[in-house]
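*Asks:* Sharing a structure, written as structure tokens. Questions coming.
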Amino acid sequence: MKSNIVPGVAGVGGRPVPEGPEIRRAADRIAKVLVGRSIEQACFAFPELQPFEERLKGSVVDAVDTRGKAMLTRFDNELTLYSHNQLYGRWFTVKRGELPETRRSLRVALHTSSHSALLYSASDISVLTPAQVQSHPFLSRLGPDVLDESLDTDTITGRLDQQRFRRRSLAALYLDQSFLAGLGNYLRSEILYAAGLHPSRRPVDINVEGKRRLARETTRMCRRSYRTGGKTLTPGPGRKRSGRFWVFARASKPCFTCGAGIQRENFSGRRLYFCPVCQV
Ligand SMILES: [Zn+2]
């Protein structure tokens, strides 16, 4: 059966778990089949959400937005479906009447006359009013979205200089969704490498030019990953076309810039890769 499987949502077998760019690409695919379309049928597995099945019926999907790793499906009756995939959730889009080949459990189904958007395995799902979106405990804590087109270098350096962030290691900061929403484990390694900064450095110890470089690489890496489907490596001497990353998941392999062995360490509980020579 042909199904349009949203990629990059594995998190097993060494593949990274989805980060902001992967969630945004999943949202784009869902938007393609839902936006501007009327919901003929909505189904929820969780009993507490089932009262919304009737309320969403006949509503039109206005937008499928992302805030970091959360997805917001907005309906024209002002309700918003909030979903956060955590590690296991996965969206599929299929033609109406088809089902993807998966052994996961179906949690949400939104059917138009021609297509279905199906969310499997996620547990963090709710239907919110505009006021509840505003006061949502996860959403209200999020920093600016890394894929927001209006996010600029000054905004990021401004945040690096804030009291609550400036004395924390970059390794910790670059996983903290209240600093910037949508960052995650592979982006953290790739951004710090591109900026030439060691993961243990703190904003307070980095000069203005270093912070500006870090800010520029932050948006550049995230946007490239969004465009390419999770690939941050650019072509060049010694780099295979199939390669995805500069340093992530490349422990002991030679750095593409200096040839030194890439190191892997646990920082803030997650694996982080860096070049001991290029990143100081
Ligand atoms: Zn190097």
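In the structure tokens, chains take letters A, B, ... by order of appearance, with residues numbered from 1 within each chain and ligands from 1 in the order shown.
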Per residue of chain A within 10 Å of ligand 1, note the shortest atom pair and the distance in Å to one decimal, counting only C-alpha atoms and all ligand atoms, and order the rows by chain and increasing residue number, as a tab-separated table.

*Replies:*
residue	atom	partner	partner_atom_place_in_ligand_line	distance
A:Tyr193	CA	ligand 1	1 (Zn)	8.4
A:Gly196	CA	ligand 1	1 (Zn)	8.8
A:Trp246	CA	ligand 1	1 (Zn)	9.7
A:Val247	CA	ligand 1	1 (Zn)	9.3
A:Pro254	CA	ligand 1	1 (Zn)	7.7
A:Cys255	CA	ligand 1	1 (Zn)	4.6
A:Phe256	CA	ligand 1	1 (Zn)	6.6
A:Thr257	CA	ligand 1	1 (Zn)	4.9
A:Cys258	CA	ligand 1	1 (Zn)	4.1
A:Gly259	CA	ligand 1	1 (Zn)	5.9
A:Ala260	CA	ligand 1	1 (Zn)	5.5
A:Gly261	CA	ligand 1	1 (Zn)	7.8
A:Ile262	CA	ligand 1	1 (Zn)	7.5
A:Phe274	CA	ligand 1	1 (Zn)	8.2
A:Cys275	CA	ligand 1	1 (Zn)	4.8
A:Pro276	CA	ligand 1	1 (Zn)	6.7
A:Val277	CA	ligand 1	1 (Zn)	5.0
A:Cys278	CA	ligand 1	1 (Zn)	4.1
A:Gln279	CA	ligand 1	1 (Zn)	7.2

*Asks:* Since we have the selection now, will you write its residues out, keeping N, CA and C atoms, as a short mmCIF file (atom, residue, chain, number, x, y, z; two decimals), in the first residue's frame?

*Replies:*
data_model
loop_
_atom_site.label_atom_id
_atom_site.label_comp_id
_atom_site.auth_asym_id
_atom_site.auth_seq_id
_atom_site.Cartn_x
_atom_site.Cartn_y
_atom_site.Cartn_z
N TYR A 193 29.42 23.05 16.38
CA TYR A 193 30.56 22.79 15.49
C TYR A 193 30.70 23.92 14.47
N GLY A 196 32.21 26.85 15.86
CA GLY A 196 33.56 26.69 16.38
C GLY A 196 33.65 26.88 17.89
N TRP A 246 27.95 17.01 10.02
CA TRP A 246 29.36 17.36 10.17
C TRP A 246 30.00 16.55 11.30
N VAL A 247 29.33 16.47 12.43
CA VAL A 247 29.91 15.76 13.58
C VAL A 247 28.95 14.76 14.22
N PRO A 254 37.28 11.24 11.19
CA PRO A 254 38.04 12.50 11.07
C PRO A 254 37.14 13.71 10.82
N CYS A 255 37.48 14.80 11.50
CA CYS A 255 36.79 16.07 11.29
C CYS A 255 36.97 16.50 9.83
N PHE A 256 35.90 16.96 9.18
CA PHE A 256 35.97 17.37 7.78
C PHE A 256 36.82 18.63 7.58
N THR A 257 37.08 19.35 8.65
CA THR A 257 37.87 20.57 8.53
C THR A 257 39.34 20.33 8.86
N CYS A 258 39.63 19.63 9.98
CA CYS A 258 41.02 19.52 10.44
C CYS A 258 41.55 18.10 10.49
N GLY A 259 40.69 17.10 10.37
CA GLY A 259 41.15 15.71 10.38
C GLY A 259 41.22 15.07 11.75
N ALA A 260 41.08 15.84 12.82
CA ALA A 260 41.13 15.27 14.18
C ALA A 260 39.91 14.36 14.40
N GLY A 261 40.06 13.40 15.33
CA GLY A 261 38.95 12.48 15.61
C GLY A 261 37.81 13.19 16.33
N ILE A 262 36.58 13.01 15.81
CA ILE A 262 35.41 13.60 16.47
C ILE A 262 35.18 12.89 17.80
N PHE A 274 31.66 16.56 19.04
CA PHE A 274 32.36 17.81 18.75
C PHE A 274 33.80 17.53 18.30
N CYS A 275 34.39 18.51 17.66
CA CYS A 275 35.80 18.40 17.26
C CYS A 275 36.65 19.08 18.33
N PRO A 276 37.59 18.33 18.94
CA PRO A 276 38.40 18.89 20.03
C PRO A 276 39.37 19.98 19.54
N VAL A 277 39.59 20.07 18.23
CA VAL A 277 40.52 21.06 17.69
C VAL A 277 39.77 22.30 17.19
N CYS A 278 38.73 22.09 16.38
CA CYS A 278 38.00 23.22 15.77
C CYS A 278 37.13 23.97 16.78
N GLN A 279 36.72 23.29 17.85
CA GLN A 279 35.80 23.94 18.80
C GLN A 279 36.54 24.28 20.09
#

*Asks:* If you count only C-alpha atoms, which residues fall within 10 Å of Asp148 (chain A), apart from same-chain ones fewer than 6 positions away, as a list in words?

*Replies:*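 Non-adjacent residues within range: Thr66, Arg67, Gly68, Ala181, Thr219 and Arg223 of chain A.
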
*Asks:* Between A:Glu22, A:Glu98, A:Asp152, A:Asp124, which one has atoms that come closest to Arg212 (chain A), using only C-alpha atoms?

*Replies:*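 Among the listed residues, the smallest separation from Arg212 (chain A) belongs to A:Asp152.
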
*Asks:* At a cut-off of 12 Å, using only C-alpha atoms, what residues contact region 37-52 of chain A? Leave out same-chain residues fewer than 6 positions from it and give the result as a PyMOL selection string.

*Replies:* chain A and resi 30-31+58-64+73-77+79-82+96+105-129

*Asks:* Would you please give, as a VMD selection string, all residues of region 6-245 of chain A that DSSP assigns to helix (DSSP H, G or I) based on the backbone?

*Replies:* chain A and resid 20 to 34 47 to 49 51 to 56 130 to 134 139 to 141 153 to 160 170 to 173 185 to 195 203 to 205 208 to 228

*Asks:* Given the choices A:Pro21, A:Tyr88, A:Ile206, A:Leu139, which gets closest to Thr232 (chain A) if the distance is worked out from only C-alpha atoms?

*Replies:*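 Smallest separation from Thr232 (chain A) among the options: A:Pro21.
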
*Asks:* Apply DSSP to the structure's backbone, then extract all residues of region 87-179 of chain A labelled strand (DSSP E) and return them as number ranges by chain.

*Replies:* A: 90-95, 106-111, 115-120, 124-128

*Asks:* In Å, how far is it from CA of Gln163 (chain A) to CA of Gln132 (chain A)?

*Replies:*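 Spanning CA of Gln163 (chain A) to CA of Gln132 (chain A) is a straight-line distance of 28.9 Å.
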
*Asks:* Ranking A:Leu197, A:Leu87, A:Leu183, A:Ile156 by minimum distance to Leu170 (chain A) and counting only C-alpha atoms, which one comes first?

*Replies:*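 Closest to Leu170 (chain A), using only C-alpha atoms: A:Leu197.
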
*Asks:* Do you know which residues are at most 10 Å from Phe138 (chain A) counting only C-alpha atoms, after dropping those on the same chain fewer than 4 positions away, and could you put them as a list in words?

*Replies:*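 Once the adjacent positions are removed, what remains is Arg67, Ala70, His84, Val133, Leu142, Gln177 and Ser178 of chain A.
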
*Asks:* What's the 12 Å shell around region 157-162 of chain A, counting only C-alpha atoms, without same-chain residues fewer than 2 positions away, as a VMD selection string?

*Replies:* chain A and resid 143 to 144 151 to 155 164 to 170 173 to 174 178 to 180 201 to 219

*Asks:* Give the answer as one residue: which of A:Ser189, A:Ile23, A:Gln263, A:Thr102 has the shortest atom-to-atom distance to Asp145 (chain A), using only C-alpha atoms?

*Replies:*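 Nearest to Asp145 (chain A): A:Ile23.
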
*Asks:* One decimal, in Å: what's the spacing between CA of Ala26 (chain A) and CA of Gly97 (chain A)?

*Replies:*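 Separation between CA of Ala26 (chain A) and CA of Gly97 (chain A): 20.5 Å.
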